[in-house]
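Working notes for the structure below.
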Amino acid sequence: MSRTLSITRRERDCILIIGEDIKNGFPDRLVNLSRKLKVSSPTVLNILERLSQKGLIRRQEGMVTLTARGQQTYQDLLESHRVIESIFYRNGISETECCEEASKIDYILEQETVSKLFTSLGKPKSCPHGRPIRGD
Ligand SMILES: [Zn+2]
C-alpha cells in the first residue's frame with residue numbers, strides 16, 4: 001500500500017516551520033509564518049486553509065498547531081529529507097547543496113520508498129548535519 005504525503009512545496013515548508021517551532025515551544029501565529037515563509041498574510045491564510053482541510057493543522061486562539069496527523073507528516077518529512085540528504089552527501093554533494101536538493105523531492109516520495117532507502121543506507125543514526133533521522 002502506498003503512502004504519500006499529498007502536499008505542495010509551500011505546504012511542506014509551512015509544516016516544517018510549524019513543527020519546528022512547536023518543538024521549540026513557540027507555536028506560530030499567522031504573522032510569524034508570513035515572515036518565515038516570505039509570503040503575504042493572505043497567501044499564508046490560503047496555505048493554512050488547505051492544510052486544515054487536509055486535517056494537518058488546527059488554528060486555536062490565533063495559534064497554529066499540528067494535528068496528530070500533521071505531527072506524523074512532520075516526522076515523515078524530516079525522515080524523508082534526512083535520508084535523501086544522506087544519499088546525496090555520500091555521493092559527493094556538499095552539505096548545503098544536499099539540503100537544498102533534498103527539499104525539492106522529500107515531500108513527493110512514498111514513505112515506503114524512503115524506508116527502503118534508509119535500510120539500504122545501513123540505517124544511519126543521523127543526517128550529514130548530525131540531526132537524527134528517526135525519532136527527532
Ligand atoms: Zn540535515
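Chain labels follow the order of the C-alpha cells: the first chain is A, the next B, and so on; residue numbering restarts at 1 in every chain, and ligands are counted from 1 in their shown order.
Taking only C-alpha atoms and all ligand atoms into account, the residues that come within 10 Å of ligand 1 are Leu78, Glu79, His81, Arg82, Val83, Ile84, Glu85, Ser86, Tyr89, Glu95, Thr96, Cys98, Cys99, Glu100, Ala102, Ser126, Cys127, Pro128, His129, Gly130, Arg131, Pro132 and Ile133 of chain A.
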Next item on the list: For Lys123 in chain A, please output as JSON, numbers by chain all residues within 10 Å (counting only C-alpha atoms; exclusion window: fewer than 5 positions along the same chain).
Entry: {"A": [83, 115, 116, 117, 118, 133, 134]}
Selected residues written out with N, CA and C atoms, as a short mmCIF file (atom, residue, chain, number, x, y, z; two decimals), in the first residue's frame:
```
data_model
loop_
_atom_site.label_atom_id
_atom_site.label_comp_id
_atom_site.auth_asym_id
_atom_site.auth_seq_id
_atom_site.Cartn_x
_atom_site.Cartn_y
_atom_site.Cartn_z
N VAL A 83 17.07 11.23 4.95
CA VAL A 83 17.51 10.04 4.21
C VAL A 83 18.04 10.48 2.84
N SER A 115 11.72 4.34 3.35
CA SER A 115 12.08 3.27 4.27
C SER A 115 13.10 2.31 3.65
N LYS A 116 12.88 1.98 2.38
CA LYS A 116 13.81 1.07 1.69
C LYS A 116 15.17 1.73 1.51
N LEU A 117 15.17 3.01 1.18
CA LEU A 117 16.43 3.75 1.00
C LEU A 117 17.19 3.79 2.33
N PHE A 118 16.44 4.04 3.39
CA PHE A 118 17.02 4.12 4.74
C PHE A 118 17.71 2.80 5.09
N ILE A 133 17.83 10.88 12.14
CA ILE A 133 16.95 10.55 11.02
C ILE A 133 15.59 10.07 11.53
N ARG A 134 15.61 9.30 12.59
CA ARG A 134 14.34 8.85 13.18
C ARG A 134 14.24 9.27 14.62
#
```
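DSSP secondary structure from the backbone places A:Asp28, A:Arg29, A:Ile57, A:Arg58, A:Arg59, A:Gln60, A:Met63, A:Val64, A:Thr65, A:Leu66 of chain A in strand (DSSP E).
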Output C-alpha atoms of each residue in that selection to a file, as a PDB file, in the first residue's frame.
```
ATOM      1  CA  ASP A  28       3.326  30.130  15.338  1.00  0.00           C
ATOM      2  CA  ARG A  29       0.896  32.903  14.568  1.00  0.00           C
ATOM      3  CA  ILE A  57      -3.205  21.740  11.211  1.00  0.00           C
ATOM      4  CA  ARG A  58      -5.591  23.424  13.610  1.00  0.00           C
ATOM      5  CA  ARG A  59      -5.936  27.115  14.415  1.00  0.00           C
ATOM      6  CA  GLN A  60      -6.574  27.901  18.055  1.00  0.00           C
ATOM      7  CA  MET A  63      -2.027  29.984  17.167  1.00  0.00           C
ATOM      8  CA  VAL A  64      -1.337  27.340  14.570  1.00  0.00           C
ATOM      9  CA  THR A  65      -0.775  23.794  15.802  1.00  0.00           C
ATOM     10  CA  LEU A  66      -0.295  20.445  14.107  1.00  0.00           C
TER      11      LEU A  66
END
```
Note to self: Based on the backbone DSSP call, show me all residues of chain A assigned helix (DSSP H, G or I), as a VMD selection string.
What the structure shows: chain A and resid 9 to 23 30 to 37 41 to 53 68 to 90 95 to 105 111 to 120
Margin query: Please determine, counting only C-alpha atoms, which residue among A:Lys104, A:Arg90, A:Lys23, A:Arg50 has the shortest atom-to-atom distance to Gln71 in chain A.
Written below: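 The closest residue to Gln71 in chain A is A:Lys23.
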Next item on the list: Report the distance between CA of Gln111 in chain A and CA of Lys54 in chain A in Å, rounded to one decimal place.
Entry: 17.8 Å
